[in-house]
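Peer 1: Pasting a structure here, questions to come.
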Protein chains: 2
Amino acid sequence: MTVNVKLNEYDVCKRIRDSVLEQRLAPGTKLTEEAICDVFGVSRNLVRRAFLLLSKDNIIDLERNKGAAIAAPTRTEAHQIFEARTIMENALLQQTMERATASDITEMRAHLEQEQQALNDGDTSLWIRLSGEFHVVIGRAAKNEPMCEFLEQLVFQSSLILALYGNQHAPSSCKGGEHERIVDAIEAKDLDTATRIMAEHMASLEGLLKFETKDTSQDLRAILATDPMA
Amino acid sequence: MTVNVKLNEYDVCKRIRDSVLEQRLAPGTKLTEEAICDVFGVSRNLVRRAFLLLSKDNIIDLERNKGAAIAAPTRTEAHQIFEARTIMENALLQQTMERATASDITEMRAHLEQEQQALNDGDTSLWIRLSGEFHVVIGRAAKNEPMCEFLEQLVFQSSLILALYGNQHAPSSCKGGEHERIVDAIEAKDLDTATRIMAEHMASLEGLLKFETKDTSQDLRAILATDPMA
DNA sequence: GTAAAGAGAATTGTTAACAATTAATTCTTA
DNA sequence: TAAGAATTAATTGTTAACAATTCTCTTTAC
């Protein structure tokens, strides 16, 4: 049984965030305050605060008197997000190259293992999340908090976009061992190679986009009730 | 008399934000909910929501059961923020170079005029705000919303840091017509020159920092009651 | 049949009282 | 007097009722 610790607004945020990341909550899905209250057993006030935070991260669209819906970036927004991410990945990769410690590399390798494990287990939603987090692990080694946080936001939005416009996000990309080759290049201090693979990687991700519309009605309770930590 | 439109959480944010930007609210200053309620004539709930937003932007530090205080970045954080900003300014400048339209240039020139006007009028706090906004105007011409928003955040935090650690922020830097020379270079499509001047500009800004502590007690009402739009 | 109007339900926004926590003060004791 | 405990005040956190708005479904008119 799930331990009943009292959740705060940040916990609620994280739960909703994770649901989106693992593609259990589709872009465009309407979130009513009441439903979220029921799912997490928290007050409306708390949910409203969580919504405020989520909207600041562009995870939900919050319209006054209209309520919240999982964000559904337009084509233009999607393009800008991928452009921003490509630039940030590049900039951070440079710093990571200079600053990554042995323990950073170890962490990257450990992350690669987790990814592989999820792939072996056939746990697609976990794998999707991990393959996004990989880029944040690389960014973290650059030792610049603000930039890394921004990258994290962009990585999240990329996943959202892939869920919206991707043919089938799943093991189509990233599975060609690109992540591993990037870590190899970082360890070898080979900036050119790392940069090139990363650029290819980003391009192939963006290449998956198709820009058609999708259906979005879903059962909130069934989706959100799952606690990934349990 | 100020028109009494009903403020929302974003309005309250902006007012507090502006107060910090114009150095009327010093880093470290404690903000009690009650005081902000009184100043703006809004409910506590609204203030609490505004605090949540401000803390997401690192404008205030929000500690549970302890309340809010204007953020006071550490030395390390300050350095990372300037590093991030330097990288972002550079990246955006490249895009601006390629994408700036004639009307973008016009907007830049108009902004320069405003800056000059504030300087002539001796309106230092306005000038401080405008000289920060200049960089956002440049960034906006790059036509990438997420990156520009991030830059905006970094510019804001730079101002905060200069208020905290700067000897005397005021017309010491930026007044050597550096902004104008950057616009000239953009118009001339001279990326190298623009990049160089921008780099020098950023370095000279960071050079103003001294890293000593400061006193922070202030009269909230007197500071915040001013409506810059009035 | 379609569109406008209206009643009702559902949802979001606001408020004020109360609870919990932290900070400040007073009172004790060595 | 100074340190520590106990009390009080100030501040933050939470809740539930109420108000306002939007949405939905029915009715009516053309």
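In the structure tokens, the first chain shown is A, the next is B, and so on; residue numbers restart at 1 for each chain, and ligands run from 1 in the order shown.
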Tell me, as a ChimeraX atom specification, which residues lie within 12 Å of Leu62 of chain A, counting only C-alpha atoms (C1' of nucleotides); anything in the same chain fewer than 2 positions away does not count.
Peer 2: /A:28,30-33,48-60,64-72 /C:12
Peer 1: Would you write out those residues with C-alpha atoms (C1' of nucleotides), as a compact mmCIF listing (two decimals), in the first residue's frame?
Peer 2:
```txt
# COMPACT_ATOMS: atom_id res chain seq x y z
CA GLY A 28 -4.26 18.80 -24.85
CA LYS A 30 -8.10 18.92 -19.86
CA LEU A 31 -7.27 18.85 -16.15
CA THR A 32 -10.10 19.82 -13.82
CA GLU A 33 -9.18 20.87 -10.30
CA ARG A 48 -4.37 25.50 -8.01
CA ARG A 49 -0.90 26.30 -6.75
CA ALA A 50 0.48 23.28 -8.55
CA PHE A 51 -1.23 24.45 -11.73
CA LEU A 52 0.43 27.82 -11.38
CA LEU A 53 3.84 26.18 -11.17
CA LEU A 54 3.14 23.84 -14.06
CA SER A 55 2.00 26.69 -16.26
CA LYS A 56 5.22 28.57 -15.51
CA ASP A 57 7.11 25.59 -16.91
CA ASN A 58 4.85 25.49 -19.96
CA ILE A 59 3.70 22.04 -18.94
CA ILE A 60 0.07 23.12 -18.85
CA ARG A 64 -8.31 32.38 -16.55
CA ASN A 65 -11.78 31.04 -15.72
CA LYS A 66 -11.17 28.26 -18.20
CA GLY A 67 -8.86 25.95 -16.32
CA ALA A 68 -5.86 23.86 -17.21
CA ALA A 69 -4.89 21.57 -20.05
CA ILE A 70 -1.67 19.74 -20.82
CA ALA A 71 0.27 22.03 -23.12
CA ALA A 72 0.11 21.36 -26.82
C1' DT C 12 -13.19 28.24 -11.47
```
Peer 1: Starting from chain D, keep only residues with some atom at most 10 Å from an atom of chain A, counting only C-alpha atoms (C1' of nucleotides), and report them as an MDAnalysis selection string.
Peer 2: chainID D and resid 14:15 20:23
Peer 1: Write out the coordinates of chain A as a PDB file with C-alpha atoms, in the first residue's frame after a least-squares overlay onto chain B built on all ordered Cα pairs.
Peer 2:
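Output file part09.pdb follows:
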```
ATOM      1  CA  MET A   1      -5.088  59.260  -8.423  1.00  0.00           C
ATOM      2  CA  THR A   2      -4.191  55.703  -9.329  1.00  0.00           C
ATOM      3  CA  VAL A   3      -7.036  53.853 -10.991  1.00  0.00           C
ATOM      4  CA  ASN A   4      -8.104  51.005  -8.760  1.00  0.00           C
ATOM      5  CA  VAL A   5      -8.157  48.076 -11.171  1.00  0.00           C
ATOM      6  CA  LYS A   6      -8.180  44.740  -9.472  1.00  0.00           C
ATOM      7  CA  LEU A   7      -4.720  43.262  -9.562  1.00  0.00           C
ATOM      8  CA  ASN A   8      -4.041  39.593 -10.232  1.00  0.00           C
ATOM      9  CA  GLU A   9      -1.048  37.494  -9.190  1.00  0.00           C
ATOM     10  CA  TYR A  10       0.884  38.424 -12.311  1.00  0.00           C
ATOM     11  CA  ASP A  11       0.423  42.134 -11.672  1.00  0.00           C
ATOM     12  CA  VAL A  12       1.714  41.766  -8.131  1.00  0.00           C
ATOM     13  CA  CYS A  13       4.674  39.822  -9.466  1.00  0.00           C
ATOM     14  CA  LYS A  14       5.478  42.506 -11.968  1.00  0.00           C
ATOM     15  CA  ARG A  15       5.302  45.275  -9.395  1.00  0.00           C
ATOM     16  CA  ILE A  16       7.655  43.506  -7.044  1.00  0.00           C
ATOM     17  CA  ARG A  17       9.882  42.557  -9.943  1.00  0.00           C
ATOM     18  CA  ASP A  18      10.118  46.153 -11.118  1.00  0.00           C
ATOM     19  CA  SER A  19      10.909  47.332  -7.624  1.00  0.00           C
ATOM     20  CA  VAL A  20      13.843  44.959  -7.486  1.00  0.00           C
ATOM     21  CA  LEU A  21      14.963  45.890 -10.977  1.00  0.00           C
ATOM     22  CA  GLU A  22      15.009  49.582 -10.180  1.00  0.00           C
ATOM     23  CA  GLN A  23      16.934  48.818  -7.017  1.00  0.00           C
ATOM     24  CA  ARG A  24      14.203  50.119  -4.722  1.00  0.00           C
ATOM     25  CA  LEU A  25      14.004  46.668  -3.123  1.00  0.00           C
ATOM     26  CA  ALA A  26      17.351  45.256  -2.061  1.00  0.00           C
ATOM     27  CA  PRO A  27      18.352  41.589  -2.187  1.00  0.00           C
ATOM     28  CA  GLY A  28      17.748  39.869   1.130  1.00  0.00           C
ATOM     29  CA  THR A  29      14.785  42.053   2.096  1.00  0.00           C
ATOM     30  CA  LYS A  30      12.115  40.046   3.939  1.00  0.00           C
ATOM     31  CA  LEU A  31       8.635  40.202   2.411  1.00  0.00           C
ATOM     32  CA  THR A  32       5.779  39.413   4.761  1.00  0.00           C
ATOM     33  CA  GLU A  33       2.464  38.439   3.213  1.00  0.00           C
ATOM     34  CA  GLU A  34       0.602  40.962   5.332  1.00  0.00           C
ATOM     35  CA  ALA A  35       2.781  43.852   4.157  1.00  0.00           C
ATOM     36  CA  ILE A  36       2.321  43.028   0.490  1.00  0.00           C
ATOM     37  CA  CYS A  37      -1.422  42.654   1.020  1.00  0.00           C
ATOM     38  CA  ASP A  38      -1.570  46.135   2.516  1.00  0.00           C
ATOM     39  CA  VAL A  39       0.589  47.758  -0.149  1.00  0.00           C
ATOM     40  CA  PHE A  40      -1.373  46.422  -3.092  1.00  0.00           C
ATOM     41  CA  GLY A  41      -4.749  45.967  -1.436  1.00  0.00           C
ATOM     42  CA  VAL A  42      -5.051  42.311  -2.379  1.00  0.00           C
ATOM     43  CA  SER A  43      -5.841  39.122  -0.489  1.00  0.00           C
ATOM     44  CA  ARG A  44      -3.258  36.934   1.173  1.00  0.00           C
ATOM     45  CA  ASN A  45      -4.096  34.090  -1.135  1.00  0.00           C
ATOM     46  CA  LEU A  46      -3.187  36.213  -4.125  1.00  0.00           C
ATOM     47  CA  VAL A  47       0.073  37.294  -2.547  1.00  0.00           C
ATOM     48  CA  ARG A  48       0.958  33.700  -1.804  1.00  0.00           C
ATOM     49  CA  ARG A  49       0.363  32.811  -5.425  1.00  0.00           C
ATOM     50  CA  ALA A  50       2.506  35.722  -6.525  1.00  0.00           C
ATOM     51  CA  PHE A  51       5.255  34.520  -4.201  1.00  0.00           C
ATOM     52  CA  LEU A  52       5.099  31.098  -5.788  1.00  0.00           C
ATOM     53  CA  LEU A  53       5.614  32.613  -9.225  1.00  0.00           C
ATOM     54  CA  LEU A  54       8.403  34.895  -8.049  1.00  0.00           C
ATOM     55  CA  SER A  55      10.226  32.015  -6.426  1.00  0.00           C
ATOM     56  CA  LYS A  56      10.044  30.038  -9.670  1.00  0.00           C
ATOM     57  CA  ASP A  57      11.892  32.903 -11.335  1.00  0.00           C
ATOM     58  CA  ASN A  58      14.451  32.990  -8.534  1.00  0.00           C
ATOM     59  CA  ILE A  59      13.356  36.511  -7.710  1.00  0.00           C
ATOM     60  CA  ILE A  60      12.533  35.580  -4.138  1.00  0.00           C
ATOM     61  CA  ASP A  61      13.631  32.781  -1.868  1.00  0.00           C
ATOM     62  CA  LEU A  62      10.607  30.969  -0.505  1.00  0.00           C
ATOM     63  CA  GLU A  63      11.143  28.735   2.484  1.00  0.00           C
ATOM     64  CA  ARG A  64       8.324  26.711   3.918  1.00  0.00           C
ATOM     65  CA  ASN A  65       6.893  28.212   7.119  1.00  0.00           C
ATOM     66  CA  LYS A  66       9.549  30.883   6.922  1.00  0.00           C
ATOM     67  CA  GLY A  67       8.230  33.159   4.222  1.00  0.00           C
ATOM     68  CA  ALA A  68       9.757  35.110   1.386  1.00  0.00           C
ATOM     69  CA  ALA A  69      12.822  37.276   0.912  1.00  0.00           C
ATOM     70  CA  ILE A  70      14.265  38.955  -2.149  1.00  0.00           C
ATOM     71  CA  ALA A  71      16.805  36.527  -3.544  1.00  0.00           C
ATOM     72  CA  ALA A  72      20.429  37.083  -2.696  1.00  0.00           C
ATOM     73  CA  PRO A  73      22.521  34.880  -4.986  1.00  0.00           C
ATOM     74  CA  THR A  74      25.769  33.546  -3.616  1.00  0.00           C
ATOM     75  CA  ARG A  75      29.062  34.265  -5.221  1.00  0.00           C
ATOM     76  CA  THR A  76      29.021  30.909  -7.001  1.00  0.00           C
ATOM     77  CA  GLU A  77      25.483  31.409  -8.243  1.00  0.00           C
ATOM     78  CA  ALA A  78      26.385  34.885  -9.421  1.00  0.00           C
ATOM     79  CA  HIS A  79      29.270  33.539 -11.437  1.00  0.00           C
ATOM     80  CA  GLN A  80      27.132  30.852 -13.046  1.00  0.00           C
ATOM     81  CA  ILE A  81      24.476  33.386 -13.942  1.00  0.00           C
ATOM     82  CA  PHE A  82      26.985  35.651 -15.648  1.00  0.00           C
ATOM     83  CA  GLU A  83      28.486  32.713 -17.451  1.00  0.00           C
ATOM     84  CA  ALA A  84      25.050  31.562 -18.629  1.00  0.00           C
ATOM     85  CA  ARG A  85      24.185  35.045 -19.714  1.00  0.00           C
ATOM     86  CA  THR A  86      27.370  35.491 -21.675  1.00  0.00           C
ATOM     87  CA  ILE A  87      26.743  32.248 -23.520  1.00  0.00           C
ATOM     88  CA  MET A  88      23.117  33.107 -24.208  1.00  0.00           C
ATOM     89  CA  GLU A  89      23.875  36.634 -25.393  1.00  0.00           C
ATOM     90  CA  ASN A  90      26.351  35.167 -27.809  1.00  0.00           C
ATOM     91  CA  ALA A  91      24.036  32.494 -29.134  1.00  0.00           C
ATOM     92  CA  LEU A  92      21.147  34.919 -29.526  1.00  0.00           C
ATOM     93  CA  LEU A  93      23.333  37.537 -31.151  1.00  0.00           C
ATOM     94  CA  GLN A  94      24.173  35.077 -33.907  1.00  0.00           C
ATOM     95  CA  GLN A  95      20.510  34.446 -34.641  1.00  0.00           C
ATOM     96  CA  THR A  96      19.672  38.122 -34.376  1.00  0.00           C
ATOM     97  CA  MET A  97      22.334  38.822 -36.937  1.00  0.00           C
ATOM     98  CA  GLU A  98      20.630  36.487 -39.387  1.00  0.00           C
ATOM     99  CA  ARG A  99      17.043  37.347 -38.595  1.00  0.00           C
ATOM    100  CA  ALA A 100      16.762  40.949 -37.474  1.00  0.00           C
ATOM    101  CA  THR A 101      14.321  42.873 -39.661  1.00  0.00           C
ATOM    102  CA  ALA A 102      14.374  46.578 -40.392  1.00  0.00           C
ATOM    103  CA  SER A 103      11.670  47.118 -37.803  1.00  0.00           C
ATOM    104  CA  ASP A 104      13.746  45.226 -35.224  1.00  0.00           C
ATOM    105  CA  ILE A 105      16.588  47.665 -35.840  1.00  0.00           C
ATOM    106  CA  THR A 106      14.174  50.564 -35.536  1.00  0.00           C
ATOM    107  CA  GLU A 107      13.022  49.192 -32.199  1.00  0.00           C
ATOM    108  CA  MET A 108      16.615  48.936 -31.009  1.00  0.00           C
ATOM    109  CA  ARG A 109      17.305  52.535 -31.984  1.00  0.00           C
ATOM    110  CA  ALA A 110      14.163  53.677 -30.230  1.00  0.00           C
ATOM    111  CA  HIS A 111      15.294  51.844 -27.138  1.00  0.00           C
ATOM    112  CA  LEU A 112      18.698  53.529 -27.286  1.00  0.00           C
ATOM    113  CA  GLU A 113      16.890  56.873 -27.359  1.00  0.00           C
ATOM    114  CA  GLN A 114      14.925  55.974 -24.246  1.00  0.00           C
ATOM    115  CA  GLU A 115      18.123  55.009 -22.478  1.00  0.00           C
ATOM    116  CA  GLN A 116      19.746  58.290 -23.428  1.00  0.00           C
ATOM    117  CA  GLN A 117      16.680  60.188 -22.294  1.00  0.00           C
ATOM    118  CA  ALA A 118      16.685  58.525 -18.890  1.00  0.00           C
ATOM    119  CA  LEU A 119      20.369  59.310 -18.543  1.00  0.00           C
ATOM    120  CA  ASN A 120      19.776  62.966 -19.453  1.00  0.00           C
ATOM    121  CA  ASP A 121      16.882  63.170 -17.009  1.00  0.00           C
ATOM    122  CA  GLY A 122      19.070  61.755 -14.278  1.00  0.00           C
ATOM    123  CA  ASP A 123      16.475  58.996 -13.745  1.00  0.00           C
ATOM    124  CA  THR A 124      18.950  56.364 -12.639  1.00  0.00           C
ATOM    125  CA  SER A 125      16.516  53.624 -11.651  1.00  0.00           C
ATOM    126  CA  LEU A 126      14.706  53.873 -14.979  1.00  0.00           C
ATOM    127  CA  TRP A 127      18.049  53.831 -16.763  1.00  0.00           C
ATOM    128  CA  ILE A 128      19.139  50.707 -14.911  1.00  0.00           C
ATOM    129  CA  ARG A 129      15.981  48.963 -16.009  1.00  0.00           C
ATOM    130  CA  LEU A 130      16.247  50.123 -19.609  1.00  0.00           C
ATOM    131  CA  SER A 131      19.886  49.159 -19.963  1.00  0.00           C
ATOM    132  CA  GLY A 132      18.948  45.641 -18.908  1.00  0.00           C
ATOM    133  CA  GLU A 133      15.968  45.579 -21.244  1.00  0.00           C
ATOM    134  CA  PHE A 134      18.228  46.547 -24.117  1.00  0.00           C
ATOM    135  CA  HIS A 135      19.710  43.083 -24.121  1.00  0.00           C
ATOM    136  CA  VAL A 136      16.232  41.564 -24.209  1.00  0.00           C
ATOM    137  CA  VAL A 137      15.368  43.732 -27.228  1.00  0.00           C
ATOM    138  CA  ILE A 138      18.439  42.369 -29.006  1.00  0.00           C
ATOM    139  CA  GLY A 139      17.477  38.834 -27.996  1.00  0.00           C
ATOM    140  CA  ARG A 140      13.903  39.216 -29.164  1.00  0.00           C
ATOM    141  CA  ALA A 141      15.090  39.882 -32.698  1.00  0.00           C
ATOM    142  CA  ALA A 142      16.523  36.356 -32.711  1.00  0.00           C
ATOM    143  CA  LYS A 143      12.917  35.091 -32.943  1.00  0.00           C
ATOM    144  CA  ASN A 144      13.241  32.330 -30.410  1.00  0.00           C
ATOM    145  CA  GLU A 145      10.786  32.749 -27.545  1.00  0.00           C
ATOM    146  CA  PRO A 146      12.174  30.165 -25.103  1.00  0.00           C
ATOM    147  CA  MET A 147      15.744  31.408 -25.426  1.00  0.00           C
ATOM    148  CA  CYS A 148      14.694  35.029 -25.168  1.00  0.00           C
ATOM    149  CA  GLU A 149      12.673  34.345 -22.036  1.00  0.00           C
ATOM    150  CA  PHE A 150      15.629  32.619 -20.483  1.00  0.00           C
ATOM    151  CA  LEU A 151      17.848  35.565 -21.345  1.00  0.00           C
ATOM    152  CA  GLU A 152      15.293  37.866 -19.742  1.00  0.00           C
ATOM    153  CA  GLN A 153      15.551  35.872 -16.549  1.00  0.00           C
ATOM    154  CA  LEU A 154      19.327  36.021 -16.603  1.00  0.00           C
ATOM    155  CA  VAL A 155      19.345  39.757 -17.295  1.00  0.00           C
ATOM    156  CA  PHE A 156      17.066  40.259 -14.339  1.00  0.00           C
ATOM    157  CA  GLN A 157      19.293  38.215 -12.100  1.00  0.00           C
ATOM    158  CA  SER A 158      22.332  40.124 -13.299  1.00  0.00           C
ATOM    159  CA  SER A 159      20.698  43.318 -12.087  1.00  0.00           C
ATOM    160  CA  LEU A 160      19.975  41.663  -8.775  1.00  0.00           C
ATOM    161  CA  ILE A 161      23.581  40.610  -8.496  1.00  0.00           C
ATOM    162  CA  LEU A 162      24.849  44.048  -9.401  1.00  0.00           C
ATOM    163  CA  ALA A 163      22.595  45.528  -6.740  1.00  0.00           C
ATOM    164  CA  LEU A 164      24.074  43.069  -4.270  1.00  0.00           C
ATOM    165  CA  TYR A 165      27.716  43.027  -5.170  1.00  0.00           C
ATOM    166  CA  GLY A 166      28.225  46.002  -7.497  1.00  0.00           C
ATOM    167  CA  ASN A 167      30.252  48.918  -6.211  1.00  0.00           C
ATOM    168  CA  GLN A 168      28.008  51.399  -7.911  1.00  0.00           C
ATOM    169  CA  HIS A 169      26.115  49.853 -10.763  1.00  0.00           C
ATOM    170  CA  ALA A 170      24.920  53.135 -12.186  1.00  0.00           C
ATOM    171  CA  PRO A 171      26.393  54.831 -15.251  1.00  0.00           C
ATOM    172  CA  SER A 172      29.763  53.240 -14.698  1.00  0.00           C
ATOM    173  CA  SER A 173      29.308  50.707 -17.488  1.00  0.00           C
ATOM    174  CA  CYS A 174      27.077  50.692 -20.546  1.00  0.00           C
ATOM    175  CA  LYS A 175      27.376  54.415 -20.843  1.00  0.00           C
ATOM    176  CA  GLY A 176      30.364  54.328 -23.172  1.00  0.00           C
ATOM    177  CA  GLY A 177      27.965  53.937 -26.044  1.00  0.00           C
ATOM    178  CA  GLU A 178      28.543  50.201 -26.133  1.00  0.00           C
ATOM    179  CA  HIS A 179      24.868  49.533 -26.706  1.00  0.00           C
ATOM    180  CA  GLU A 180      24.855  51.843 -29.680  1.00  0.00           C
ATOM    181  CA  ARG A 181      27.946  50.225 -31.143  1.00  0.00           C
ATOM    182  CA  ILE A 182      26.324  46.814 -30.832  1.00  0.00           C
ATOM    183  CA  VAL A 183      23.280  47.969 -32.784  1.00  0.00           C
ATOM    184  CA  ASP A 184      25.559  49.505 -35.398  1.00  0.00           C
ATOM    185  CA  ALA A 185      27.358  46.186 -35.791  1.00  0.00           C
ATOM    186  CA  ILE A 186      24.069  44.298 -36.070  1.00  0.00           C
ATOM    187  CA  GLU A 187      22.845  46.663 -38.751  1.00  0.00           C
ATOM    188  CA  ALA A 188      26.140  46.297 -40.604  1.00  0.00           C
ATOM    189  CA  LYS A 189      25.847  42.517 -40.294  1.00  0.00           C
ATOM    190  CA  ASP A 190      29.274  42.495 -38.695  1.00  0.00           C
ATOM    191  CA  LEU A 191      29.034  39.481 -36.404  1.00  0.00           C
ATOM    192  CA  ASP A 192      32.650  39.519 -35.247  1.00  0.00           C
ATOM    193  CA  THR A 193      32.495  43.100 -34.077  1.00  0.00           C
ATOM    194  CA  ALA A 194      29.114  42.661 -32.408  1.00  0.00           C
ATOM    195  CA  THR A 195      30.302  39.557 -30.627  1.00  0.00           C
ATOM    196  CA  ARG A 196      33.494  41.227 -29.488  1.00  0.00           C
ATOM    197  CA  ILE A 197      31.773  44.325 -28.103  1.00  0.00           C
ATOM    198  CA  MET A 198      29.146  42.189 -26.392  1.00  0.00           C
ATOM    199  CA  ALA A 199      31.848  40.041 -24.786  1.00  0.00           C
ATOM    200  CA  GLU A 200      33.710  43.123 -23.572  1.00  0.00           C
ATOM    201  CA  HIS A 201      30.460  44.566 -22.329  1.00  0.00           C
ATOM    202  CA  MET A 202      29.640  41.448 -20.317  1.00  0.00           C
ATOM    203  CA  ALA A 203      33.152  41.223 -18.923  1.00  0.00           C
ATOM    204  CA  SER A 204      33.074  44.826 -17.792  1.00  0.00           C
ATOM    205  CA  LEU A 205      29.721  44.247 -16.099  1.00  0.00           C
ATOM    206  CA  GLU A 206      31.031  41.245 -14.217  1.00  0.00           C
ATOM    207  CA  GLY A 207      34.133  43.263 -13.394  1.00  0.00           C
ATOM    208  CA  LEU A 208      32.008  45.582 -11.272  1.00  0.00           C
ATOM    209  CA  LEU A 209      31.302  42.859  -8.743  1.00  0.00           C
ATOM    210  CA  LYS A 210      33.004  43.032  -5.372  1.00  0.00           C
ATOM    211  CA  PHE A 211      31.451  40.330  -3.155  1.00  0.00           C
ATOM    212  CA  GLU A 212      30.985  42.014   0.167  1.00  0.00           C
ATOM    213  CA  THR A 213      27.837  41.837   2.312  1.00  0.00           C
ATOM    214  CA  LYS A 214      25.266  44.574   2.609  1.00  0.00           C
ATOM    215  CA  ASP A 215      22.547  45.820   4.928  1.00  0.00           C
ATOM    216  CA  THR A 216      19.027  44.940   3.800  1.00  0.00           C
ATOM    217  CA  SER A 217      16.333  46.326   6.138  1.00  0.00           C
ATOM    218  CA  GLN A 218      13.899  48.597   4.335  1.00  0.00           C
ATOM    219  CA  ASP A 219      10.478  50.181   4.442  1.00  0.00           C
ATOM    220  CA  LEU A 220       8.329  48.024   2.164  1.00  0.00           C
ATOM    221  CA  ARG A 221       5.404  50.387   1.947  1.00  0.00           C
ATOM    222  CA  ALA A 222       7.396  53.387   0.828  1.00  0.00           C
ATOM    223  CA  ILE A 223       9.173  51.316  -1.790  1.00  0.00           C
ATOM    224  CA  LEU A 224       6.370  49.308  -3.324  1.00  0.00           C
ATOM    225  CA  ALA A 225       3.543  51.832  -3.210  1.00  0.00           C
ATOM    226  CA  THR A 226       4.922  53.552  -6.312  1.00  0.00           C
ATOM    227  CA  ASP A 227       3.207  52.608  -9.571  1.00  0.00           C
ATOM    228  CA  PRO A 228       5.671  53.123 -12.429  1.00  0.00           C
ATOM    229  CA  MET A 229       2.759  53.429 -14.869  1.00  0.00           C
ATOM    230  CA  ALA A 230       1.122  56.301 -13.020  1.00  0.00           C
TER     231      ALA A 230
END
```
Peer 1: Near chain A, meaning an atom within 12 Å, which residues of chain C appear when counting only C-alpha atoms (C1' of nucleotides)? Write them as a list in words.
Peer 2: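 Filtering chain C at 12 Å from chain A with only C-alpha atoms (C1' of nucleotides) gives DA10, DT11, DT12, DG13 and DT14 of chain C.
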Peer 1: Set the distance at 12 Å and use only C-alpha atoms (C1' of nucleotides): which residues neighbour DA24 of chain C once local chain neighbours fewer than 5 positions away are removed? I'd like the list as a list in words.
Peer 2: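 The filter keeps DT7, DT8, DA9, DA10 and DT11 of chain D.
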Peer 1: Would you put the residues from that selection into a file with C-alpha atoms (C1' of nucleotides), as a JSON list (two decimals), in the first residue's frame?
Peer 2:
```json
[["chain", "number", "residue", "atom", "x", "y", "z"],
["D", 7, "DT", "C1'", 4.37, 32.18, 27.38],
["D", 8, "DT", "C1'", 2.70, 35.28, 24.07],
["D", 9, "DA", "C1'", 2.64, 37.45, 19.60],
["D", 10, "DA", "C1'", 3.36, 37.31, 14.73],
["D", 11, "DT", "C1'", 3.40, 34.87, 10.61]]
```
